[in-house]
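**Student:** Take a look at query.txt, compact mmCIF, C-alpha atoms and all ligand atoms:
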# COMPACT_ATOMS: atom_id res chain seq x y z
CA MET N 1 74.01 70.48 204.07
CA SER N 2 76.88 72.82 204.78
CA VAL N 3 79.01 74.03 201.91
CA SER N 4 82.38 75.56 202.64
CA SER N 5 84.53 77.92 200.55
CA PHE N 6 85.63 76.76 197.12
CA HIS N 7 89.36 76.29 196.71
CA PRO N 8 90.33 75.36 193.16
CA PRO N 9 93.49 73.34 192.54
CA GLN N 10 96.58 75.14 191.23
CA ARG N 11 96.72 74.14 187.55
CA THR N 12 99.05 74.99 184.71
CA LEU N 13 96.78 76.19 181.91
CA MET N 14 98.18 75.22 178.51
CA GLY N 15 94.94 74.91 176.59
CA PRO N 16 93.10 77.26 174.23
CA GLY N 17 92.26 79.63 177.08
CA PRO N 18 91.91 80.61 179.82
CA SER N 19 95.67 80.81 180.19
CA ASP N 20 97.62 81.06 183.44
CA VAL N 21 96.74 84.32 185.17
CA ASN N 22 99.65 86.39 186.42
CA PRO N 23 99.38 86.63 190.27
CA ARG N 24 99.72 90.42 189.94
CA ILE N 25 96.35 90.41 188.16
CA LEU N 26 94.62 88.36 190.86
CA GLU N 27 96.07 90.69 193.48
CA ALA N 28 94.81 93.74 191.56
CA MET N 29 91.32 92.22 191.42
CA SER N 30 91.21 91.84 195.20
CA ARG N 31 91.53 95.62 195.76
CA PRO N 32 88.56 97.55 197.21
CA THR N 33 85.47 97.84 195.06
CA ILE N 34 84.53 101.46 194.39
CA GLY N 35 81.60 102.97 192.52
CA HIS N 36 81.52 102.75 188.74
CA LEU N 37 81.07 106.54 188.54
CA ASP N 38 83.70 107.30 191.21
CA PRO N 39 86.17 109.85 189.80
CA GLU N 40 89.04 107.47 190.66
CA PHE N 41 87.36 104.67 188.74
CA ILE N 42 86.82 106.95 185.76
CA ARG N 43 90.51 107.86 185.88
CA MET N 44 91.27 104.12 185.73
CA MET N 45 88.94 103.77 182.71
CA ASP N 46 90.79 106.55 180.90
CA GLU N 47 94.08 104.79 181.55
CA MET N 48 92.54 101.54 180.36
CA LYS N 49 91.59 103.14 177.07
CA ALA N 50 95.17 104.31 176.49
CA LEU N 51 96.48 100.86 177.42
CA LEU N 52 94.04 99.17 175.02
CA GLN N 53 95.00 101.62 172.27
CA TYR N 54 98.61 100.53 172.80
CA ALA N 55 97.73 96.83 172.76
CA PHE N 56 95.71 97.26 169.55
CA GLN N 57 98.19 99.77 168.08
CA THR N 58 95.43 102.24 167.32
CA LYS N 59 94.41 105.83 167.92
CA ASN N 60 90.71 104.91 167.64
CA ALA N 61 88.71 106.95 170.16
CA LEU N 62 86.11 104.18 170.32
CA THR N 63 88.33 101.67 172.11
CA MET N 64 87.06 100.01 175.27
CA SER N 65 86.22 96.78 176.96
CA VAL N 66 82.83 95.10 176.57
CA SER N 67 81.66 93.82 179.98
CA ALA N 68 81.38 90.18 178.91
CA PRO N 69 83.60 87.50 177.31
CA GLY N 70 85.05 87.42 173.79
CA SER N 71 81.82 86.07 172.34
CA ALA N 72 80.12 89.31 173.43
CA GLY N 73 82.83 91.36 171.72
CA MET N 74 82.10 89.35 168.58
CA GLU N 75 78.39 89.97 168.95
CA CYS N 76 78.97 93.65 169.66
CA CYS N 77 80.77 94.07 166.33
CA PHE N 78 78.11 92.23 164.34
CA VAL N 79 74.95 93.67 165.89
CA ASN N 80 76.26 97.21 165.52
CA LEU N 81 77.69 96.95 162.02
CA VAL N 82 75.30 94.57 160.27
CA GLU N 83 71.98 96.03 159.21
CA PRO N 84 69.08 93.91 158.01
CA GLY N 85 69.72 92.93 154.39
CA ASP N 86 73.49 93.62 154.46
CA LYS N 87 75.60 91.10 152.59
CA VAL N 88 78.52 89.99 154.75
CA ILE N 89 81.39 87.89 153.42
CA VAL N 90 82.50 85.54 156.19
CA CYS N 91 85.76 83.65 155.73
CA GLN N 92 85.65 80.44 157.72
CA ASN N 93 88.58 78.12 158.42
CA GLY N 94 87.54 76.79 161.83
CA VAL N 95 84.98 76.94 164.63
CA PHE N 96 84.96 80.66 165.27
CA GLY N 97 84.29 81.67 161.66
CA GLY N 98 81.14 79.55 161.97
CA ARG N 99 80.02 81.64 164.92
CA MET N 100 80.53 84.77 162.83
CA LYS N 101 78.05 83.37 160.30
CA GLU N 102 75.52 82.80 163.10
CA ASN N 103 75.97 86.39 164.20
CA VAL N 104 75.35 87.72 160.68
CA VAL N 105 72.14 85.71 160.31
CA ARG N 106 70.84 86.77 163.72
CA SER N 107 71.58 90.40 162.87
CA GLY N 108 69.41 90.08 159.77
CA GLY N 109 72.33 90.01 157.33
CA ILE N 110 73.03 87.65 154.44
CA VAL N 111 76.11 85.44 154.70
CA ILE N 112 78.38 85.04 151.69
CA PRO N 113 80.57 82.13 152.79
CA VAL N 114 84.22 81.75 151.85
CA ASP N 115 85.35 78.40 153.22
CA ASP N 116 88.87 77.14 153.68
CA GLU N 117 90.04 73.83 155.00
CA TRP N 118 90.49 73.61 158.77
CA GLY N 119 94.15 74.04 159.61
CA GLN N 120 94.81 76.39 156.71
CA ALA N 121 94.97 80.17 156.66
CA VAL N 122 92.17 82.10 154.93
CA ASP N 123 92.95 82.17 151.19
CA PRO N 124 93.02 85.81 149.94
CA ALA N 125 92.32 84.65 146.36
CA LYS N 126 89.03 83.06 147.45
CA LEU N 127 88.07 86.25 149.27
CA GLU N 128 88.80 88.32 146.18
CA ASP N 129 86.61 86.01 144.05
CA ALA N 130 83.75 86.49 146.51
CA LEU N 131 84.26 90.26 146.51
CA LYS N 132 84.16 90.32 142.69
CA THR N 133 80.98 88.25 142.46
CA ASN N 134 79.28 90.24 145.25
CA PRO N 135 79.92 93.90 144.47
CA ASP N 136 77.07 94.85 146.82
CA ALA N 137 78.73 93.22 149.87
CA LYS N 138 79.06 95.61 152.82
CA LEU N 139 81.38 93.79 155.20
CA VAL N 140 84.14 91.18 155.34
CA ALA N 141 84.68 89.21 158.54
CA PHE N 142 87.40 86.72 159.42
CA VAL N 143 89.28 85.24 162.37
CA HIS N 144 92.91 86.35 162.56
CA ALA N 145 94.04 83.51 164.84
CA GLU N 146 91.79 80.44 164.62
CA THR N 147 92.04 78.90 168.07
CA SER N 148 90.27 75.74 166.92
CA THR N 149 93.05 74.88 164.45
CA GLY N 150 96.11 77.00 165.28
CA ALA N 151 96.18 78.81 161.93
CA LEU N 152 97.15 82.47 161.54
CA SER N 153 95.67 84.38 158.60
CA ASP N 154 97.19 87.37 156.82
CA ALA N 155 94.98 90.11 158.25
CA LYS N 156 96.79 92.93 156.45
CA THR N 157 96.17 91.43 152.99
CA LEU N 158 92.56 90.43 153.74
CA VAL N 159 91.69 93.93 155.02
CA GLU N 160 93.38 95.53 152.00
CA LEU N 161 91.29 93.39 149.66
CA ALA N 162 88.06 94.18 151.51
CA HIS N 163 88.75 97.91 151.26
CA LYS N 164 89.67 97.64 147.56
CA TYR N 165 86.10 96.45 146.98
CA GLY N 166 84.49 98.98 149.31
CA CYS N 167 83.83 96.70 152.29
CA LEU N 168 84.39 97.36 155.98
CA THR N 169 86.08 94.67 158.07
CA ILE N 170 85.38 92.83 161.32
CA VAL N 171 88.40 90.96 162.65
CA ASP N 172 88.50 88.42 165.51
CA THR N 173 91.75 88.80 167.44
CA VAL N 174 90.69 87.00 170.61
CA THR N 175 93.70 84.69 170.49
CA SER N 176 96.11 86.89 168.54
CA LEU N 177 96.18 90.05 170.69
CA GLY N 178 99.39 90.10 172.72
CA GLY N 179 100.77 86.93 171.12
CA VAL N 180 101.43 87.98 167.51
CA PRO N 181 101.38 91.41 165.80
CA VAL N 182 97.93 93.04 165.63
CA LEU N 183 98.32 96.46 164.01
CA VAL N 184 94.86 97.99 163.84
CA ASP N 185 95.72 101.38 162.32
CA GLU N 186 98.52 100.20 160.02
CA TRP N 187 96.35 97.41 158.60
CA GLY N 188 93.23 99.59 158.53
CA ILE N 189 91.01 97.19 160.51
CA ASP N 190 87.57 98.82 160.93
CA ALA N 191 86.12 96.80 163.82
CA ILE N 192 88.07 94.44 166.06
CA TYR N 193 87.42 92.43 169.19
CA SER N 194 89.55 90.35 171.53
CA GLY N 195 89.33 88.55 174.86
CA SER N 196 90.91 88.98 178.26
CA GLN N 197 91.85 85.35 178.96
CA LYS N 198 94.12 84.31 176.08
CA CYS N 199 97.41 86.10 175.44
CA LEU N 200 96.52 88.94 177.82
CA SER N 201 96.45 86.30 180.62
CA CYS N 202 93.70 88.02 182.54
CA THR N 203 90.68 86.25 184.00
CA PRO N 204 87.90 85.46 181.47
CA GLY N 205 84.90 87.72 181.08
CA LEU N 206 86.02 90.89 179.30
CA SER N 207 86.28 91.70 175.62
CA PRO N 208 88.40 94.62 174.37
CA VAL N 209 86.99 96.17 171.19
CA SER N 210 87.93 99.04 168.90
CA PHE N 211 86.14 100.79 166.03
CA ASN N 212 87.56 103.28 163.55
CA ALA N 213 85.82 106.34 162.09
CA ALA N 214 84.40 104.43 159.10
CA ALA N 215 82.84 101.82 161.35
CA GLN N 216 81.44 104.50 163.64
CA GLU N 217 79.93 106.27 160.66
CA LYS N 218 78.15 103.10 159.49
CA ILE N 219 76.80 102.62 163.01
CA SER N 220 75.60 106.22 163.35
CA LYS N 221 73.83 106.05 159.96
CA ARG N 222 71.87 102.90 160.74
CA LYS N 223 68.25 103.01 159.67
CA THR N 224 67.20 100.47 162.30
CA PRO N 225 68.19 100.47 165.97
CA VAL N 226 70.74 97.89 167.11
CA GLN N 227 68.72 94.83 168.12
CA SER N 228 70.71 94.36 171.35
CA TRP N 229 70.11 97.02 173.98
CA PHE N 230 73.15 95.97 176.07
CA LEU N 231 75.60 95.98 173.16
CA ASP N 232 74.30 99.08 171.35
CA LEU N 233 77.44 101.21 171.05
CA ASN N 234 75.45 104.41 170.81
CA LEU N 235 74.31 103.77 174.39
CA VAL N 236 77.52 102.22 175.74
CA MET N 237 79.45 105.29 174.60
CA GLY N 238 77.46 107.39 177.06
CA TYR N 239 79.44 105.58 179.76
CA TRP N 240 82.80 104.88 178.13
CA GLY N 241 82.82 107.94 175.86
CA GLU N 242 85.03 110.98 176.11
CA GLY N 243 84.00 114.04 178.11
CA ALA N 244 82.31 114.38 181.47
CA LYS N 245 78.90 112.80 180.77
CA ARG N 246 79.64 109.25 181.96
CA ALA N 247 75.98 108.38 182.32
CA TYR N 248 74.96 105.11 183.91
CA HIS N 249 74.55 102.35 181.31
CA HIS N 250 75.31 99.19 183.27
CA THR N 251 77.33 98.57 186.42
CA ALA N 252 80.85 97.98 185.16
CA PRO N 253 82.53 94.79 186.45
CA ILE N 254 84.77 96.96 188.64
CA ASN N 255 87.22 94.41 190.00
CA ALA N 256 87.43 92.52 186.72
CA LEU N 257 88.45 95.78 185.08
CA TYR N 258 91.19 96.28 187.72
CA GLY N 259 92.47 92.92 186.50
CA LEU N 260 92.45 93.86 182.83
CA HIS N 261 94.11 97.17 183.67
CA GLU N 262 96.90 95.26 185.43
CA ALA N 263 97.20 92.78 182.54
CA LEU N 264 97.65 95.66 180.12
CA VAL N 265 100.17 97.37 182.41
CA ILE N 266 102.15 94.11 182.41
CA LEU N 267 101.99 94.00 178.60
CA GLN N 268 103.15 97.61 178.38
CA GLU N 269 106.04 96.92 180.78
CA GLU N 270 107.22 93.99 178.69
CA GLY N 271 106.53 95.75 175.40
CA LEU N 272 104.63 94.35 172.42
CA ASN N 273 107.69 93.33 170.43
CA PRO N 274 109.34 91.42 173.28
CA ALA N 275 105.99 89.74 174.04
CA TRP N 276 105.61 88.60 170.43
CA GLU N 277 109.24 87.37 170.41
CA ARG N 278 108.74 85.45 173.66
CA HIS N 279 105.70 83.67 172.23
CA GLN N 280 107.66 82.74 169.10
CA ARG N 281 110.71 81.50 171.03
CA ASN N 282 108.68 79.23 173.32
CA HIS N 283 106.74 77.90 170.35
CA LEU N 284 110.00 77.00 168.60
CA ALA N 285 111.27 75.23 171.73
CA LEU N 286 108.01 73.27 171.96
CA ARG N 287 108.27 72.44 168.28
CA ALA N 288 111.81 71.14 168.75
CA GLY N 289 110.55 68.77 171.45
CA ILE N 290 107.43 67.69 169.58
CA GLU N 291 109.38 66.96 166.40
CA ALA N 292 112.15 65.15 168.28
CA MET N 293 109.42 62.87 169.65
CA GLY N 294 108.37 62.17 166.08
CA LEU N 295 105.05 64.04 166.29
CA GLY N 296 103.83 66.62 163.82
CA PHE N 297 101.75 69.79 163.53
CA VAL N 298 98.44 70.22 161.70
CA VAL N 299 99.22 73.69 160.38
CA GLN N 300 102.05 74.31 157.93
CA GLU N 301 105.00 76.17 159.41
CA ALA N 302 104.37 79.55 157.76
CA ASP N 303 100.79 79.85 159.11
CA ARG N 304 101.38 78.44 162.58
CA LEU N 305 100.26 80.33 165.67
CA PRO N 306 103.03 80.36 168.29
CA GLN N 307 100.44 80.63 171.08
CA LEU N 308 98.24 77.72 169.97
CA ASN N 309 99.97 74.56 168.82
CA THR N 310 97.85 71.89 167.19
CA VAL N 311 99.70 68.60 167.38
CA THR N 312 98.58 65.39 165.68
CA ILE N 313 97.79 62.56 168.11
CA PRO N 314 99.88 59.47 167.32
CA GLU N 315 98.12 56.40 165.94
CA GLY N 316 96.30 54.29 168.52
CA VAL N 317 96.65 56.80 171.38
CA ASP N 318 93.51 57.64 173.38
CA ASP N 319 93.15 61.42 173.33
CA ALA N 320 91.07 61.75 176.50
CA ALA N 321 93.22 59.33 178.52
CA VAL N 322 96.34 61.38 177.87
CA ARG N 323 94.64 64.64 178.82
CA ALA N 324 93.24 63.06 181.96
CA ARG N 325 96.74 61.87 183.00
CA LEU N 326 98.18 65.32 182.37
CA LEU N 327 95.52 66.85 184.60
CA GLN N 328 95.67 64.26 187.38
CA ASP N 329 99.41 63.71 187.59
CA TYR N 330 100.80 67.07 186.46
CA ASN N 331 97.94 69.52 187.17
CA LEU N 332 98.37 70.49 183.56
CA GLU N 333 95.53 71.30 181.19
CA ILE N 334 95.75 71.14 177.40
CA GLY N 335 92.90 71.38 174.90
CA ALA N 336 91.10 68.74 172.86
CA GLY N 337 90.41 69.01 169.14
CA LEU N 338 87.17 70.66 168.06
CA GLY N 339 84.78 69.83 165.22
CA THR N 340 86.49 67.95 162.39
CA LEU N 341 89.70 67.77 164.46
CA ALA N 342 88.08 66.14 167.52
CA ARG N 343 90.13 63.18 168.84
CA LYS N 344 92.75 63.78 166.11
CA VAL N 345 94.73 66.59 167.72
CA TRP N 346 95.78 68.21 170.96
CA ARG N 347 95.72 71.97 171.27
CA ILE N 348 98.65 73.18 173.32
CA GLY N 349 98.42 76.79 174.35
CA LEU N 350 101.46 78.90 175.14
CA MET N 351 99.53 82.08 175.80
CA GLY N 352 100.62 85.16 177.70
CA HIS N 353 101.92 84.39 181.19
CA ALA N 354 101.84 80.65 180.32
CA SER N 355 104.28 81.10 177.45
CA ASN N 356 107.47 80.29 179.33
CA LYS N 357 110.34 77.83 179.38
CA THR N 358 109.20 76.05 182.56
CA ASN N 359 105.83 75.21 181.00
CA VAL N 360 107.39 74.01 177.74
CA LEU N 361 109.76 71.65 179.58
CA LEU N 362 107.09 70.48 182.04
CA PHE N 363 104.67 69.64 179.23
CA LEU N 364 107.23 67.87 177.04
CA GLY N 365 108.51 65.77 179.94
CA ALA N 366 104.98 64.88 180.98
CA LEU N 367 103.80 63.98 177.48
CA ASP N 368 106.94 61.94 176.81
CA SER N 369 106.48 59.95 180.01
CA ILE N 370 102.73 59.38 179.51
CA LEU N 371 103.05 58.31 175.87
CA THR N 372 106.01 56.07 176.64
CA GLY N 373 104.04 54.44 179.45
CA MET N 374 101.18 53.77 177.02
CA GLY N 375 103.53 52.13 174.56
CA ALA N 376 102.92 54.76 171.89
CA ASN N 377 105.13 54.79 168.84
CA ILE N 378 107.30 57.83 169.66
CA ASN N 379 110.99 58.59 170.19
CA SER N 380 111.13 58.41 173.98
CA GLY N 381 113.35 60.42 176.27
CA VAL N 382 114.52 63.03 173.78
CA ALA N 383 111.90 65.79 173.78
CA VAL N 384 113.03 67.75 176.84
CA GLN N 385 116.66 67.68 175.69
CA ALA N 386 115.67 68.92 172.22
CA ALA N 387 113.82 71.88 173.75
CA ASN N 388 116.73 72.59 176.11
CA ASP N 389 119.11 72.49 173.15
CA PHE N 390 116.91 75.05 171.41
CA TYR N 391 116.94 77.38 174.43
CA ALA N 392 120.73 77.02 174.72
C1 LIG N 401 88.06 82.06 172.78
C2 LIG N 401 87.66 82.63 171.48
C3 LIG N 401 86.44 83.32 171.29
C4 LIG N 401 85.38 83.41 172.35
O1 LIG N 401 85.80 84.02 173.50
P1 LIG N 401 85.02 83.70 174.87
O2 LIG N 401 85.73 84.58 175.86
O3 LIG N 401 85.17 82.25 175.12
O4 LIG N 401 83.61 84.10 174.70
C5 LIG N 401 86.20 83.88 170.06
N1 LIG N 401 87.08 83.77 169.04
C6 LIG N 401 88.24 83.12 169.18
C7 LIG N 401 89.17 83.03 168.02
C8 LIG N 401 88.56 82.53 170.40
O5 LIG N 401 89.71 81.86 170.55
When written as structure tokens, how does the structure in this file appear?
Ligand SMILES: *Cc1c(COP(=O)(O)O)cnc(C)c1O

**Tutor:**
Amino acid sequence: MSVSSFHPPQRTLMGPGPSDVNPRILEAMSRPTIGHLDPEFIRMMDEMKALLQYAFQTKNALTMSVSAPGSAGMECCFVNLVEPGDKVIVCQNGVFGGRMKENVVRSGGIVIPVDDEWGQAVDPAKLEDALKTNPDAKLVAFVHAETSTGALSDAKTLVELAHKYGCLTIVDTVTSLGGVPVLVDEWGIDAIYSGSQKCLSCTPGLSPVSFNAAAQEKISKRKTPVQSWFLDLNLVMGYWGEGAKRAYHHTAPINALYGLHEALVILQEEGLNPAWERHQRNHLALRAGIEAMGLGFVVQEADRLPQLNTVTIPEGVDDAAVRARLLQDYNLEIGAGLGTLARKVWRIGLMGHASNKTNVLLFLGALDSILTGMGANINSGVAVQAANDFYA
């Protein structure tokens, strides 16, 4: 058998991630591989730290990229901060909060669950109740932007509450970073992780993280070693840390890091505020089209993520058939519903480089045509115009 080179099709990625990768990032990744202790590479790492500090809006010295996808950033936060026996309040309103619970258990902690309905933001009142009834809780963890439902929670208020009751916080911003405000220092977030392939529009496989002084102190005072050798921050810092040491820990994914560096340069060039505004504007244009069609959103307006739109599938329409048509005829990928929302919703991502007018109009026109062809009960032929009217 002879296998030749793999050439993927050119898709438009409007799902829950990965999002469309800016060609500048792919070009950056094709540059020459150098050693992970090469002085030029270390200079790039220092720049990367400053760029990540900008993206996270933090001065935290312990800000870097974990050499693995968002799930590893999540695990890095939990294995370092949770000690055996620690009570951890986990607010869950979708799939990813459930994974946080798994991480607590596997780190030897005790989960205090605070559950909200899928599609709703985390309820601060419920968190406060849990904090009152568990005065010995050590940590509060929640997902800022629940990619499984499209709900945005009020991170500032939740962190404030946690601190009021003496807890540190772990916040998942995999989908929020770059798409909506994430203000680490202003909100006082203690430990945070994100991902490269959502609103940063880089290739998947890297997870930016940041830890403040309080989180670092808890880690340095641990009585038991971190159960994961690879993710133990005390060891990782020997490579990413300040000063000249830069000891070998693992071989950094050199070219992948060139890509993240470029993604963050692009974000800096655009500016955080304009990036957040762009995501909001394209969401509103999509909404205009979706509503003109007669379709609705799962999440109430005030808690809606502009970068992840969860739209209710009209009665009698076959979820998978529509997504297959979008992929085959339009090279366009959207996401299916997860968990309790499976087959009930589509998840339409407008993340990073993919959050643009062309994609909004392409998707609306495609969905309109496919649903009309299937005889679905929608207002046909009006969605694209409604979005265009919004842009005008
Ligand atoms: C995508 C995602 C993750 C996991 O990131 P991976 O890169 O797929 O490991 C975690 N949390 C949220 C909210 C996500 O959207």

**Student:** Please check which protein, DNA or RNA residues sit within 10 Å of ligand LIG 401 (chain N), counting only C-alpha atoms and all ligand atoms, and write them as a PyMOL selection string.

**Tutor:** chain N and resi 16-18+68-75+94-97+99-100+142-150+171-176+193-198+203-207+308

**Student:** Write out, as a PDB file, in the frame of the given file, the residues just selected, with C-alpha atoms.

**Tutor:**
ATOM      1  CA  PRO N  16      93.100  77.260 174.230  1.00  0.00           C
ATOM      2  CA  GLY N  17      92.260  79.630 177.080  1.00  0.00           C
ATOM      3  CA  PRO N  18      91.910  80.610 179.820  1.00  0.00           C
ATOM      4  CA  ALA N  68      81.380  90.180 178.910  1.00  0.00           C
ATOM      5  CA  PRO N  69      83.600  87.500 177.310  1.00  0.00           C
ATOM      6  CA  GLY N  70      85.050  87.420 173.790  1.00  0.00           C
ATOM      7  CA  SER N  71      81.820  86.070 172.340  1.00  0.00           C
ATOM      8  CA  ALA N  72      80.120  89.310 173.430  1.00  0.00           C
ATOM      9  CA  GLY N  73      82.830  91.360 171.720  1.00  0.00           C
ATOM     10  CA  MET N  74      82.100  89.350 168.580  1.00  0.00           C
ATOM     11  CA  GLU N  75      78.390  89.970 168.950  1.00  0.00           C
ATOM     12  CA  GLY N  94      87.540  76.790 161.830  1.00  0.00           C
ATOM     13  CA  VAL N  95      84.980  76.940 164.630  1.00  0.00           C
ATOM     14  CA  PHE N  96      84.960  80.660 165.270  1.00  0.00           C
ATOM     15  CA  GLY N  97      84.290  81.670 161.660  1.00  0.00           C
ATOM     16  CA  ARG N  99      80.020  81.640 164.920  1.00  0.00           C
ATOM     17  CA  MET N 100      80.530  84.770 162.830  1.00  0.00           C
ATOM     18  CA  PHE N 142      87.400  86.720 159.420  1.00  0.00           C
ATOM     19  CA  VAL N 143      89.280  85.240 162.370  1.00  0.00           C
ATOM     20  CA  HIS N 144      92.910  86.350 162.560  1.00  0.00           C
ATOM     21  CA  ALA N 145      94.040  83.510 164.840  1.00  0.00           C
ATOM     22  CA  GLU N 146      91.790  80.440 164.620  1.00  0.00           C
ATOM     23  CA  THR N 147      92.040  78.900 168.070  1.00  0.00           C
ATOM     24  CA  SER N 148      90.270  75.740 166.920  1.00  0.00           C
ATOM     25  CA  THR N 149      93.050  74.880 164.450  1.00  0.00           C
ATOM     26  CA  GLY N 150      96.110  77.000 165.280  1.00  0.00           C
ATOM     27  CA  VAL N 171      88.400  90.960 162.650  1.00  0.00           C
ATOM     28  CA  ASP N 172      88.500  88.420 165.510  1.00  0.00           C
ATOM     29  CA  THR N 173      91.750  88.800 167.440  1.00  0.00           C
ATOM     30  CA  VAL N 174      90.690  87.000 170.610  1.00  0.00           C
ATOM     31  CA  THR N 175      93.700  84.690 170.490  1.00  0.00           C
ATOM     32  CA  SER N 176      96.110  86.890 168.540  1.00  0.00           C
ATOM     33  CA  TYR N 193      87.420  92.430 169.190  1.00  0.00           C
ATOM     34  CA  SER N 194      89.550  90.350 171.530  1.00  0.00           C
ATOM     35  CA  GLY N 195      89.330  88.550 174.860  1.00  0.00           C
ATOM     36  CA  SER N 196      90.910  88.980 178.260  1.00  0.00           C
ATOM     37  CA  GLN N 197      91.850  85.350 178.960  1.00  0.00           C
ATOM     38  CA  LYS N 198      94.120  84.310 176.080  1.00  0.00           C
ATOM     39  CA  THR N 203      90.680  86.250 184.000  1.00  0.00           C
ATOM     40  CA  PRO N 204      87.900  85.460 181.470  1.00  0.00           C
ATOM     41  CA  GLY N 205      84.900  87.720 181.080  1.00  0.00           C
ATOM     42  CA  LEU N 206      86.020  90.890 179.300  1.00  0.00           C
ATOM     43  CA  SER N 207      86.280  91.700 175.620  1.00  0.00           C
ATOM     44  CA  LEU N 308      98.240  77.720 169.970  1.00  0.00           C
TER      45      LEU N 308
END

**Student:** When you count only C-alpha atoms, which of these residues is closest to Met45 in chain N: N:Leu257, N:Ala288, N:Ala342, N:Ile334?

**Tutor:** N:Leu257

**Student:** From (101.2, 79.6, 181.0), in the file's coordinates, out to 12 Å: which residues are reached, counting all atoms listed in the file? Answer as a PDB file with C-alpha atoms, in the frame of the given file.

**Tutor:**
ATOM      1  CA  ARG N  11      96.720  74.140 187.550  1.00  0.00           C
ATOM      2  CA  THR N  12      99.050  74.990 184.710  1.00  0.00           C
ATOM      3  CA  LEU N  13      96.780  76.190 181.910  1.00  0.00           C
ATOM      4  CA  MET N  14      98.180  75.220 178.510  1.00  0.00           C
ATOM      5  CA  GLY N  15      94.940  74.910 176.590  1.00  0.00           C
ATOM      6  CA  PRO N  16      93.100  77.260 174.230  1.00  0.00           C
ATOM      7  CA  GLY N  17      92.260  79.630 177.080  1.00  0.00           C
ATOM      8  CA  PRO N  18      91.910  80.610 179.820  1.00  0.00           C
ATOM      9  CA  SER N  19      95.670  80.810 180.190  1.00  0.00           C
ATOM     10  CA  ASP N  20      97.620  81.060 183.440  1.00  0.00           C
ATOM     11  CA  VAL N  21      96.740  84.320 185.170  1.00  0.00           C
ATOM     12  CA  ASN N  22      99.650  86.390 186.420  1.00  0.00           C
ATOM     13  CA  PRO N  23      99.380  86.630 190.270  1.00  0.00           C
ATOM     14  CA  GLN N 197      91.850  85.350 178.960  1.00  0.00           C
ATOM     15  CA  LYS N 198      94.120  84.310 176.080  1.00  0.00           C
ATOM     16  CA  CYS N 199      97.410  86.100 175.440  1.00  0.00           C
ATOM     17  CA  LEU N 200      96.520  88.940 177.820  1.00  0.00           C
ATOM     18  CA  SER N 201      96.450  86.300 180.620  1.00  0.00           C
ATOM     19  CA  CYS N 202      93.700  88.020 182.540  1.00  0.00           C
ATOM     20  CA  HIS N 279     105.700  83.670 172.230  1.00  0.00           C
ATOM     21  CA  ASN N 282     108.680  79.230 173.320  1.00  0.00           C
ATOM     22  CA  GLN N 307     100.440  80.630 171.080  1.00  0.00           C
ATOM     23  CA  LEU N 308      98.240  77.720 169.970  1.00  0.00           C
ATOM     24  CA  LEU N 332      98.370  70.490 183.560  1.00  0.00           C
ATOM     25  CA  GLU N 333      95.530  71.300 181.190  1.00  0.00           C
ATOM     26  CA  ILE N 334      95.750  71.140 177.400  1.00  0.00           C
ATOM     27  CA  ILE N 348      98.650  73.180 173.320  1.00  0.00           C
ATOM     28  CA  GLY N 349      98.420  76.790 174.350  1.00  0.00           C
ATOM     29  CA  LEU N 350     101.460  78.900 175.140  1.00  0.00           C
ATOM     30  CA  MET N 351      99.530  82.080 175.800  1.00  0.00           C
ATOM     31  CA  GLY N 352     100.620  85.160 177.700  1.00  0.00           C
ATOM     32  CA  HIS N 353     101.920  84.390 181.190  1.00  0.00           C
ATOM     33  CA  ALA N 354     101.840  80.650 180.320  1.00  0.00           C
ATOM     34  CA  SER N 355     104.280  81.100 177.450  1.00  0.00           C
ATOM     35  CA  ASN N 356     107.470  80.290 179.330  1.00  0.00           C
ATOM     36  CA  LYS N 357     110.340  77.830 179.380  1.00  0.00           C
ATOM     37  CA  THR N 358     109.200  76.050 182.560  1.00  0.00           C
ATOM     38  CA  ASN N 359     105.830  75.210 181.000  1.00  0.00           C
ATOM     39  CA  VAL N 360     107.390  74.010 177.740  1.00  0.00           C
ATOM     40  CA  LEU N 361     109.760  71.650 179.580  1.00  0.00           C
ATOM     41  CA  LEU N 362     107.090  70.480 182.040  1.00  0.00           C
ATOM     42  CA  PHE N 363     104.670  69.640 179.230  1.00  0.00           C
TER      43      PHE N 363
END

**Student:** Within 12 Å of Pro32 in chain N, counting only C-alpha atoms, which residues show up once you throw out same-chain ones fewer than 2 positions away? Write them as JSON, numbers by chain, please.

**Tutor:** {"N": [27, 28, 29, 30, 34, 35, 40, 41, 254, 255, 256, 258]}

**Student:** Between N:Cys77, N:Cys91, N:Ala383, N:Val182, which one has atoms that come closest to Ala162 in chain N, using all atoms listed in the file?

**Tutor:**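 Once distances to Ala162 in chain N are computed over all atoms listed in the file, the minimum belongs to N:Cys91.
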
**Student:** Choose the residue, out of N:Leu231, N:Ala386, N:Val209, N:Met374, that has the smallest atom-to-atom separation from Phe56 in chain N; count all atoms listed in the file.

**Tutor:**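 Between N:Leu231, N:Ala386, N:Val209, N:Met374, the residue approaching Phe56 in chain N most closely is N:Val209.
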